file input.txt (compact mmCIF, C-alpha atoms)
# COMPACT_ATOMS: atom_id res chain seq x y z
CA MET A 1 21.87 -2.65 -14.80
CA LYS A 2 19.72 0.03 -16.45
CA ILE A 3 15.97 0.13 -15.72
CA LEU A 4 13.17 2.19 -17.28
CA TYR A 5 10.11 2.50 -15.00
CA VAL A 6 6.80 3.79 -16.40
CA CYS A 7 3.45 4.48 -14.68
CA ASN A 8 0.34 6.49 -15.55
CA PHE A 9 0.01 8.50 -12.31
CA ASN A 10 1.76 11.58 -10.95
CA LEU A 11 4.48 10.72 -8.43
CA ASP A 12 4.36 14.22 -6.96
CA ASN A 13 0.75 13.93 -5.80
CA TYR A 14 -0.02 12.91 -2.23
CA SER A 15 -1.64 9.52 -1.90
CA GLY A 16 -0.47 6.18 -0.57
CA ARG A 17 0.20 4.84 -4.06
CA ASN A 18 2.09 7.91 -5.28
CA ARG A 19 4.17 8.30 -2.14
CA ALA A 20 5.04 4.59 -1.95
CA THR A 21 6.05 4.45 -5.62
CA LYS A 22 8.33 7.44 -5.18
CA GLN A 23 9.91 5.82 -2.12
CA LYS A 24 10.44 2.43 -3.75
CA LEU A 25 12.03 4.01 -6.83
CA LYS A 26 14.41 5.94 -4.60
CA ALA A 27 15.41 2.64 -2.97
CA LEU A 28 15.69 0.90 -6.34
CA LYS A 29 17.91 3.65 -7.74
CA LYS A 30 20.50 3.02 -4.99
CA GLN A 31 20.87 -0.62 -6.05
CA ILE A 32 21.32 -0.30 -9.83
CA ASP A 33 23.47 1.67 -12.25
CA GLU A 34 20.82 3.84 -13.91
CA LEU A 35 17.09 4.40 -13.40
CA TYR A 36 14.88 6.34 -15.83
CA ILE A 37 11.34 7.25 -14.76
CA ILE A 38 8.30 8.28 -16.81
CA SER A 39 5.07 9.24 -15.02
CA SER A 40 1.96 11.35 -15.50
CA LYS A 41 2.27 15.13 -15.28
CA LEU A 42 -1.18 16.42 -16.27
CA LYS A 43 -4.08 17.15 -13.93
CA LYS A 44 -6.57 17.02 -16.81
CA PHE A 45 -6.92 14.99 -20.02
CA LYS A 46 -5.38 11.98 -18.31
CA PHE A 47 -6.83 9.45 -20.78
CA LEU A 48 -5.26 11.41 -23.65
CA GLU A 49 -1.94 11.53 -21.79
CA LEU A 50 -1.68 7.72 -21.84
CA PHE A 51 -0.87 7.92 -25.56
CA PHE A 52 1.97 10.40 -24.98
CA ILE A 53 3.41 8.36 -22.08
CA GLU A 54 3.52 5.33 -24.40
CA LEU A 55 5.30 7.37 -27.09
CA LYS A 56 7.80 8.72 -24.57
CA SER A 57 8.46 5.17 -23.32
CA ILE A 58 9.24 4.00 -26.85
CA TYR A 59 11.57 6.96 -27.33
CA MET A 60 13.40 6.24 -24.04
CA ILE A 61 13.76 2.54 -24.91
CA LEU A 62 15.32 3.38 -28.26
CA LYS A 63 17.58 6.08 -26.80
CA TYR A 64 18.84 4.44 -23.58
CA LYS A 65 18.37 0.71 -24.34
CA PRO A 66 17.64 -0.35 -20.74
CA ASN A 67 18.16 -3.94 -19.58
CA ILE A 68 14.80 -3.99 -17.82
CA PHE A 69 11.50 -2.27 -18.63
CA ILE A 70 9.06 -2.05 -15.68
CA SER A 71 5.52 -0.72 -16.14
CA ARG A 72 2.46 -0.21 -13.96
CA GLY A 73 -1.08 0.83 -14.75
CA PHE A 74 -2.65 1.64 -18.12
CA VAL A 75 0.62 1.95 -20.05
CA GLY A 76 3.24 -0.39 -21.47
CA TYR A 77 1.62 -2.49 -24.21
CA PHE A 78 3.41 -1.11 -27.27
CA SER A 79 6.56 -0.45 -25.26
CA GLN A 80 6.67 -4.12 -24.29
CA LYS A 81 6.22 -5.14 -27.93
CA LEU A 82 9.31 -3.09 -28.78
CA CYS A 83 11.20 -4.60 -25.83
CA LYS A 84 10.50 -8.10 -27.17
CA ILE A 85 12.13 -7.13 -30.46
CA MET A 86 15.14 -5.57 -28.69
CA ASN A 87 15.51 -8.49 -26.23
CA ILE A 88 14.81 -6.25 -23.20
CA LYS A 89 13.27 -8.00 -20.19
CA THR A 90 9.77 -6.75 -19.30
CA VAL A 91 8.28 -6.58 -15.80
CA ARG A 92 4.78 -5.64 -14.65
CA GLU A 93 3.95 -4.32 -11.21
CA ILE A 94 0.40 -5.44 -10.30
CA HIS A 95 -1.53 -4.27 -7.24
CA ALA A 96 -5.18 -5.06 -7.95
CA ASP A 97 -7.82 -6.66 -10.13
CA ILE A 98 -9.18 -3.29 -11.26
CA LEU A 99 -12.02 -4.73 -13.33
CA GLY A 100 -13.31 -6.77 -10.40
CA GLU A 101 -13.18 -3.82 -8.02
CA LEU A 102 -14.96 -1.15 -10.10
CA ASN A 103 -18.19 -1.43 -8.11
CA GLN A 104 -16.28 -0.56 -4.92
CA LEU A 105 -14.53 2.52 -6.28
CA ASN A 106 -15.82 5.91 -5.09
CA LYS A 107 -15.83 7.42 -8.59
CA HIS A 108 -18.39 8.90 -11.01
CA TRP A 109 -20.20 6.34 -13.17
CA LEU A 110 -18.70 7.87 -16.32
CA VAL A 111 -15.17 7.33 -15.00
CA LYS A 112 -16.07 3.73 -14.16
CA PHE A 113 -17.43 3.28 -17.69
CA PHE A 114 -14.10 4.33 -19.24
CA LEU A 115 -12.20 2.19 -16.74
CA ILE A 116 -13.80 -1.00 -18.08
CA PRO A 117 -11.96 -1.08 -21.46
CA LEU A 118 -8.81 0.31 -19.82
CA SER A 119 -8.87 -2.50 -17.25
CA ILE A 120 -9.24 -5.15 -19.95
CA TYR A 121 -6.38 -3.49 -21.83
CA THR A 122 -4.29 -3.53 -18.64
CA GLN A 123 -4.81 -7.26 -18.22
CA LYS A 124 -3.42 -7.77 -21.73
CA ILE A 125 -0.32 -5.77 -20.76
CA ASP A 126 0.03 -7.87 -17.60
CA ALA A 127 -0.11 -11.11 -19.59
CA LEU A 128 2.45 -9.88 -22.12
CA SER A 129 5.24 -9.36 -19.57
CA ASP A 130 8.13 -11.72 -18.88
CA ILE A 131 7.78 -11.26 -15.13
CA ARG A 132 4.94 -10.01 -12.93
CA ILE A 133 5.53 -8.65 -9.42
CA PHE A 134 2.38 -8.73 -7.28
CA ASN A 135 2.03 -7.06 -3.89
CA HIS A 136 0.05 -9.95 -2.38
CA PRO A 137 0.03 -13.77 -2.72
CA TYR A 138 -3.77 -13.83 -3.18
CA LEU A 139 -3.41 -11.61 -6.25
CA LEU A 140 -0.69 -13.88 -7.61
CA ASP A 141 -2.93 -16.92 -7.12
CA TRP A 142 -5.83 -15.13 -8.80
CA PHE A 143 -3.70 -14.35 -11.85
CA LYS A 144 -2.54 -17.98 -12.08
CA SER A 145 -6.09 -19.31 -11.97
CA ASN A 146 -7.51 -16.75 -14.43
CA PHE A 147 -4.67 -16.44 -16.94
CA PHE A 148 -1.63 -18.71 -16.72
CA ASP A 149 0.79 -20.11 -14.17
CA SER A 150 4.28 -18.68 -14.63
CA SER A 151 7.19 -19.67 -12.41
CA ASN A 152 8.72 -16.26 -13.17
CA ASP A 153 6.07 -14.39 -11.18
CA ILE A 154 6.63 -13.35 -7.56
CA TYR A 155 4.93 -11.35 -4.83
CA VAL A 156 6.64 -8.74 -2.67
CA TYR A 157 4.87 -6.87 0.12
CA ASN A 158 5.12 -3.08 0.51
CA GLY A 159 7.64 -1.36 2.76
CA TYR A 160 8.64 1.94 4.37
CA ASP A 161 11.11 4.77 3.86
CA ILE A 162 13.13 5.47 7.00
CA LYS A 163 12.94 9.23 6.34
CA SER A 164 9.15 9.12 6.74
CA ARG A 165 9.43 8.59 10.49
CA SER A 166 8.22 11.50 12.64
CA LEU A 167 10.84 12.92 14.97
CA LEU A 168 8.27 14.47 17.31
CA THR A 169 7.71 12.90 20.72
CA LYS A 170 4.32 11.61 21.82
CA GLU A 171 3.94 14.59 24.17
CA GLU A 172 4.75 17.08 21.39
CA VAL A 173 2.15 15.53 19.07
CA ILE A 174 -0.54 15.56 21.76
CA LYS A 175 0.12 19.26 22.34
CA LYS A 176 0.28 20.11 18.61
CA TYR A 177 -3.07 18.48 17.81
CA ASN A 178 -4.76 19.56 21.05
CA LEU A 179 -5.33 15.98 22.21
CA ASP A 180 -6.07 14.88 25.78
CA LYS A 181 -2.99 13.50 27.54
CA GLU A 182 -5.24 11.44 29.83
CA ILE A 183 -6.75 9.54 26.89
CA LYS A 184 -5.23 6.41 25.35
CA TYR A 185 -5.44 6.78 21.58
CA LEU A 186 -5.76 3.99 19.04
CA VAL A 187 -4.79 5.23 15.59
CA PHE A 188 -5.78 4.32 12.03
CA VAL A 189 -4.20 6.31 9.20
CA GLY A 190 -4.87 6.36 5.48
CA GLU A 191 -7.78 6.39 3.11
CA ALA A 192 -11.16 5.73 4.72
CA SER A 193 -12.35 3.51 1.85
CA TYR A 194 -15.00 0.79 1.97
CA TRP A 195 -12.56 -2.13 2.01
CA HIS A 196 -10.54 -0.69 4.89
CA GLY A 197 -13.44 -1.48 7.21
CA ILE A 198 -13.97 1.93 8.81
CA ASP A 199 -17.40 0.84 10.04
CA TYR A 200 -15.63 -1.85 12.11
CA LEU A 201 -13.84 0.95 13.95
CA VAL A 202 -17.11 2.79 14.55
CA CYS A 203 -18.62 -0.34 16.12
CA LEU A 204 -15.46 -0.86 18.16
CA GLN A 205 -15.57 2.70 19.52
CA GLU A 206 -19.22 2.23 20.39
CA SER A 207 -18.36 -0.90 22.36
CA LEU A 208 -15.38 0.76 24.06
CA ASN A 209 -17.57 3.71 25.13
CA LYS A 210 -19.73 1.30 27.13
CA LEU A 211 -16.68 0.12 29.07
CA THR A 212 -14.44 3.16 29.42
CA LYS A 213 -14.13 6.85 28.60
CA ASN A 214 -10.35 6.73 28.34
CA ILE A 215 -9.82 4.98 24.99
CA LYS A 216 -10.51 6.85 21.75
CA ILE A 217 -9.93 5.96 18.09
CA ILE A 218 -8.36 8.50 15.75
CA CYS A 219 -8.73 8.18 11.97
CA ALA A 220 -6.18 10.38 10.24
CA GLY A 221 -5.71 11.28 6.58
CA GLY A 222 -8.90 10.17 4.87
CA LYS A 223 -12.36 11.62 5.47
CA VAL A 224 -14.74 9.28 7.28
CA SER A 225 -18.15 9.42 5.63
CA LYS A 226 -21.33 10.38 7.46
CA GLU A 227 -22.81 7.02 6.42
CA ASP A 228 -20.00 5.11 8.17
CA ASP A 229 -19.98 7.25 11.31
CA PRO A 230 -23.33 9.11 11.62
CA GLU A 231 -22.82 9.93 15.31
CA LYS A 232 -19.19 11.02 14.82
CA LEU A 233 -17.85 8.59 17.40
CA LEU A 234 -14.41 8.56 15.79
CA ILE A 235 -11.95 11.44 15.98
CA ASN A 236 -11.37 12.21 12.29
CA ILE A 237 -8.40 14.48 11.52
CA THR A 238 -8.48 15.35 7.82
CA PRO A 239 -7.09 16.42 5.44
CA LEU A 240 -3.70 15.27 6.69
CA ASN A 241 -0.61 14.53 4.60
CA ASP A 242 1.99 11.81 5.19
CA VAL A 243 3.93 14.00 7.66
CA GLY A 244 0.78 14.65 9.70
CA CYS A 245 -0.20 10.97 9.67
CA ALA A 246 3.26 10.01 10.92
CA GLU A 247 2.87 12.50 13.76
CA ILE A 248 -0.53 11.12 14.74
CA ILE A 249 0.93 7.60 14.82
CA GLN A 250 3.41 8.88 17.41
CA ALA A 251 0.50 9.88 19.67
CA SER A 252 -0.92 6.35 19.78
CA GLU A 253 -0.77 3.61 22.37
CA ALA A 254 -1.30 1.13 19.56
CA CYS A 255 -2.33 1.20 15.90
CA LEU A 256 -5.31 -0.43 14.21
CA LEU A 257 -5.32 -2.32 10.93
CA PRO A 258 -8.81 -3.59 10.07
CA VAL A 259 -9.81 -4.73 6.57
CA ARG A 260 -12.95 -5.86 4.81
CA GLN A 261 -12.30 -8.92 2.66
CA SER A 262 -14.32 -7.68 -0.30
CA ARG A 263 -11.63 -7.73 -3.00
CA VAL A 264 -9.59 -10.38 -4.82
CA SER A 265 -6.65 -9.19 -2.73
CA PRO A 266 -6.83 -7.28 0.57
CA GLY A 267 -3.69 -5.48 -0.60
CA SER A 268 -0.41 -4.87 1.15
CA PRO A 269 -1.31 -2.02 3.53
CA LEU A 270 1.17 0.85 3.47
CA LYS A 271 -0.11 2.01 6.84
CA LEU A 272 1.15 -1.24 8.40
CA TYR A 273 4.70 -0.30 7.48
CA ASP A 274 4.20 3.24 8.74
CA TYR A 275 3.16 1.69 12.05
CA ILE A 276 6.19 -0.63 12.03
CA LEU A 277 8.51 2.26 11.21
CA HIS A 278 7.32 4.05 14.36
CA LYS A 279 7.64 0.81 16.35
CA LYS A 280 4.00 0.83 17.39
CA TYR A 281 2.08 -2.21 18.57
CA VAL A 282 -0.27 -3.26 15.75
CA ILE A 283 -3.73 -4.77 16.16
CA THR A 284 -4.78 -6.36 12.87
CA GLN A 285 -7.27 -8.77 11.30
CA LYS A 286 -6.58 -12.43 12.04
CA GLU A 287 -6.17 -15.25 9.51
CA LEU A 288 -5.28 -12.93 6.63
CA LYS A 289 -2.01 -12.91 4.70
CA GLY A 290 -0.31 -9.56 4.33
CA TYR A 291 -1.73 -8.61 7.72
CA GLU A 292 -1.50 -11.30 10.39
CA ASP A 293 1.67 -12.95 9.02
CA GLU A 294 3.59 -9.66 8.87
CA VAL A 295 2.44 -8.53 12.32
CA LEU A 296 3.13 -11.82 14.10
CA ARG A 297 6.39 -12.69 12.34
CA TYR A 298 8.46 -10.44 14.58
CA ASN A 299 6.12 -10.26 17.57
CA PHE A 300 5.16 -6.60 17.39
CA GLY A 301 1.39 -6.93 17.45
CA GLU A 302 -1.68 -9.10 17.74
CA SER A 303 -4.30 -10.52 15.38
CA VAL A 304 -7.99 -10.17 16.29
CA ASP A 305 -11.46 -10.40 14.79
CA PHE A 306 -12.69 -6.90 13.93
CA ASN A 307 -16.13 -8.32 13.13
CA ASP A 308 -16.73 -9.00 16.82
CA SER A 309 -16.51 -5.51 18.31
CA GLU A 310 -17.96 -6.47 21.70
CA ASN A 311 -15.32 -9.09 22.51
CA LEU A 312 -12.64 -7.03 20.81
CA SER A 313 -13.31 -4.06 23.09
CA PHE A 314 -12.59 -6.21 26.16
CA LYS A 315 -9.47 -7.61 24.49
CA ILE A 316 -8.11 -4.15 23.60
CA ILE A 317 -8.52 -2.94 27.18
CA GLU A 318 -6.52 -5.97 28.29
CA ILE A 319 -3.87 -5.40 25.59
CA LEU A 320 -3.38 -1.77 26.59
CA LYS A 321 -3.24 -2.69 30.28
CA ASN A 322 -0.40 -5.16 29.68
CA LEU A 323 1.39 -3.29 26.92
CA ARG A 324 5.09 -2.89 27.50
CA ASP A 325 7.71 -0.90 25.66
CA LYS A 326 8.65 -3.15 22.74
CA ASP A 327 10.96 -0.62 21.13
CA GLU A 328 14.06 -2.79 21.36
CA GLN A 329 12.25 -5.96 20.29
CA ILE A 330 10.99 -4.70 16.92
CA ILE A 331 13.46 -5.22 14.09
CA ILE A 332 12.19 -2.85 11.44
CA GLU A 333 14.98 -3.17 8.87
CA ASN A 334 13.35 -6.25 7.30
CA PHE A 335 10.42 -4.12 6.09
CA SER A 336 12.28 -1.25 4.42
CA TRP A 337 11.91 -0.42 0.72
CA ASP A 338 15.62 -1.19 0.37
CA GLU A 339 14.95 -4.81 1.37
CA ARG A 340 11.82 -5.05 -0.80
CA MET A 341 13.73 -3.80 -3.86
CA LYS A 342 16.38 -6.46 -3.23
CA GLU A 343 13.55 -9.00 -3.53
CA TRP A 344 12.48 -7.41 -6.84
CA LEU A 345 16.01 -7.59 -8.23
CA LEU A 346 16.47 -11.15 -6.98
CA GLY A 347 13.31 -12.21 -8.85
CA ILE A 348 14.57 -10.53 -12.03
CA TRP A 349 18.04 -12.08 -11.60
CA LYS A 350 16.57 -15.58 -11.19
CA TYR A 351 14.59 -15.10 -14.41
CA GLU A 352 17.65 -13.93 -16.34
CA ASN A 353 19.70 -16.91 -15.16
CA LYS A 354 16.87 -19.29 -16.06
CA ILE A 355 16.87 -17.86 -19.61
CA ARG A 356 20.65 -18.33 -19.88
CA ASP A 357 20.41 -21.93 -18.69
call {"tool": "encode", "arguments": {"input": "input.txt", "output": "structure tokens"}}
result
Amino acid sequence: MKILYVCNFNLDNYSGRNRATKQKLKALKKQIDELYIISSKLKKFKFLELFFIELKSIYMILKYKPNIFISRGFVGYFSQKLCKIMNIKTVREIHADILGELNQLNKHWLVKFFLIPLSIYTQKIDALSDIRIFNHPYLLDWFKSNFFDSSNDIYVYNGYDIKSRSLLTKEEVIKKYNLDKEIKYLVFVGEASYWHGIDYLVCLQESLNKLTKNIKIICAGGKVSKEDDPEKLLINITPLNDVGCAEIIQASEACLLPVRQSRVSPGSPLKLYDYILHKKYVITQKELKGYEDEVLRYNFGESVDFNDSENLSFKIIEILKNLRDKDEQIIIENFSWDERMKEWLLGIWKYENKIRD
């Protein structure tokens, strides 16, 4: 099997999306014969670059004649048209309803203005594909209700790369980051965006401070805004890359996974799989797919209501008091990118066999 994968962002940049895409493509490459990748390279003129990425995609399709063409983002329309002519199967990777989330993006109004036509264009690319792979069932359901119901479409949650695990011990991390060994740390890593519910963590720390001085919340990676945490109750370690975030996870007693349900899909949180990789106990939002179901499936965490910080503070104290070493109980292999890419290929294989039948 030969696959051409195209996206409109730079895989060498550090962000959850970029890092995860690079990891999943590495896992995908191990399971197929050939993988060709086209991504963004420019730091400026990105809108102009979309045209050149499309041209390069067309060139690669004509030259290598892949069996499968996978695209993500603002590219792939004309490439997919060519694939239809050449009988090449087309796949779209979809992670969000961009148009519906513009008002929540922390971007300049001019950027948002240009994103409107690009988002509409992206939806046309999504609809043109033979198969769509979503990262959350809510997003899949949204597409079915707003566009069309296709039995070819699937959802596959995110995963982890085993090489991302920190090899430092908890004691080494505490010393490296000048943390207090007498404090029990709860850790949240990743972007401190609106829909991640950082203000829930501020309220939780405020409630914990009334009960104990020995439990502190660390937010690592993204910068917590002054509006969310005016009194700086949270320990915010930023900027911090993926290596640093992995190290901070090692320092934790447990990891936090709040979310604000303000989008079509709450997303498949990459940080969850970073927590799982380090075999940490996860405290996440209850009654939410992609969060509660993944955490409870293999009994390595607990679901709670982050909206109720007062009761949650009592519950967390109890959780930490009774926490035992669950290292041997957590089977992490099920969540690797290798396993997720097998799900991708299985979905594609089922489609191909349906066409043959």
call {"tool": "atom_distance", "arguments": {"input": "input.txt", "atom1": "atom CA of A:Lys350", "atom2": "atom CA of A:Lys56"}}
result
29.1 Å
call {"tool": "axis_aligned_box", "arguments": {"input": "input.txt", "around": "stretch 283-298 of chain A", "padding_each_side": "8 Å", "output": "JSON"}}
result
{"center_x": 0.6, "center_y": -10.0, "center_z": 10.2, "size_x": 31.7, "size_y": 26.5, "size_z": 27.8}
call {"tool": "closest_atom_pairs", "arguments": {"input": "input.txt", "of": "stretch 77-101 of chain A", "to": "stretch 108-132 of chain A", "cutoff": "8 Å", "atoms": "only C-alpha atoms", "output": "Markdown table"}}
result
| residue | atom | partner | partner_atom | distance |
| --- | --- | --- | --- | --- |
| A:Tyr77 | CA | A:Ile125 | CA | 5.1 |
| A:Gln80 | CA | A:Ser129 | CA | 7.2 |
| A:Lys89 | CA | A:Asp130 | CA | 6.5 |
| A:Thr90 | CA | A:Ser129 | CA | 5.2 |
| A:Val91 | CA | A:Ile131 | CA | 4.8 |
| A:Arg92 | CA | A:Arg132 | CA | 4.7 |
| A:Glu93 | CA | A:Arg132 | CA | 6.0 |
| A:Ile94 | CA | A:Arg132 | CA | 7.0 |
| A:Ile98 | CA | A:Ser119 | CA | 6.0 |
| A:Leu99 | CA | A:Ser119 | CA | 5.5 |
call {"tool": "residues_around", "arguments": {"input": "input.txt", "residues": "A:Glu49", "least_positions_apart": "4", "cutoff": "12 Å", "atoms": "all atoms listed in the file", "output": "ChimeraX atom specification"}}
result
/A:7-10,38-45,53-56,74-75
call {"tool": "atom_distance", "arguments": {"input": "input.txt", "atom1": "atom CA of A:Thr238", "atom2": "atom CA of A:Phe188"}}
result
12.1 Å
call {"tool": "closest_residue", "arguments": {"input": "input.txt", "among": "A:Glu302, A:Glu339, A:Glu206, A:Glu247", "to": "A:Glu231", "atoms": "all atoms listed in the file"}}
result
A:Glu206
call {"tool": "closest_residue", "arguments": {"input": "input.txt", "among": "A:Asp274, A:Asp141, A:Asp338, A:Asp228", "to": "A:Lys30", "atoms": "only C-alpha atoms"}}
result
A:Asp338
call {"tool": "closest_residue", "arguments": {"input": "input.txt", "among": "A:Ala27, A:Ile283, A:Cys255, A:Leu323", "to": "A:Lys163", "atoms": "all atoms listed in the file"}}
result
A:Ala27
call {"tool": "closest_residue", "arguments": {"input": "input.txt", "among": "A:Lys210, A:Arg17, A:Val224, A:Ala96", "to": "A:Arg263", "atoms": "all atoms listed in the file"}}
result
A:Ala96
call {"tool": "closest_residue", "arguments": {"input": "input.txt", "among": "A:Phe51, A:Tyr5, A:Phe314, A:Phe134", "to": "A:Gln205", "atoms": "only C-alpha atoms"}}
result
A:Phe314
call {"tool": "atom_distance", "arguments": {"input": "input.txt", "atom1": "atom CA of A:Lys342", "atom2": "atom CA of A:Ala20"}}
result
15.9 Å
call {"tool": "residues_around", "arguments": {"input": "input.txt", "residues": "A:Ser207", "least_positions_apart": "6", "cutoff": "7 Å", "atoms": "all atoms listed in the file", "output": "PyMOL selection string"}}
result
chain A and resi 309-310+313
call {"tool": "closest_residue", "arguments": {"input": "input.txt", "among": "A:Cys203, A:Ile68, A:Cys245, A:Leu233", "to": "A:Asn87", "atoms": "all atoms listed in the file"}}
result
A:Ile68
call {"tool": "build_atoms", "arguments": {"input": "input.txt", "residues": "stretch 296-307 of chain A", "atoms": "N, CA and C atoms", "output": "JSON list (two decimals), in the coordinates of the input"}}
result
[["chain", "number", "residue", "atom", "x", "y", "z"],
["A", 296, "LEU", "N", 2.71, -10.81, 13.13],
["A", 296, "LEU", "CA", 3.13, -11.82, 14.10],
["A", 296, "LEU", "C", 4.55, -12.32, 13.88],
["A", 297, "ARG", "N", 5.07, -12.13, 12.67],
["A", 297, "ARG", "CA", 6.39, -12.69, 12.34],
["A", 297, "ARG", "C", 7.47, -12.23, 13.30],
["A", 298, "TYR", "N", 7.43, -10.97, 13.70],
["A", 298, "TYR", "CA", 8.46, -10.44, 14.58],
["A", 298, "TYR", "C", 7.90, -9.98, 15.93],
["A", 299, "ASN", "N", 6.70, -10.47, 16.24],
["A", 299, "ASN", "CA", 6.12, -10.26, 17.57],
["A", 299, "ASN", "C", 5.99, -8.78, 17.94],
["A", 300, "PHE", "N", 5.38, -8.00, 17.04],
["A", 300, "PHE", "CA", 5.16, -6.60, 17.39],
["A", 300, "PHE", "C", 3.68, -6.24, 17.32],
["A", 301, "GLY", "N", 2.81, -7.22, 17.47],
["A", 301, "GLY", "CA", 1.39, -6.93, 17.45],
["A", 301, "GLY", "C", 0.55, -8.15, 17.73],
["A", 302, "GLU", "N", -0.73, -8.04, 17.42],
["A", 302, "GLU", "CA", -1.68, -9.10, 17.74],
["A", 302, "GLU", "C", -2.75, -9.16, 16.65],
["A", 303, "SER", "N", -3.23, -10.37, 16.36],
["A", 303, "SER", "CA", -4.30, -10.52, 15.38],
["A", 303, "SER", "C", -5.62, -10.77, 16.12],
["A", 304, "VAL", "N", -6.68, -10.11, 15.63],
["A", 304, "VAL", "CA", -7.99, -10.17, 16.29],
["A", 304, "VAL", "C", -9.08, -10.27, 15.22],
["A", 305, "ASP", "N", -10.31, -10.39, 15.69],
["A", 305, "ASP", "CA", -11.46, -10.40, 14.79],
["A", 305, "ASP", "C", -12.20, -9.07, 14.90],
["A", 306, "PHE", "N", -12.04, -8.21, 13.90],
["A", 306, "PHE", "CA", -12.69, -6.90, 13.93],
["A", 306, "PHE", "C", -14.19, -6.99, 13.73],
["A", 307, "ASN", "N", -14.68, -8.14, 13.30],
["A", 307, "ASN", "CA", -16.13, -8.32, 13.13],
["A", 307, "ASN", "C", -16.85, -8.43, 14.46]]
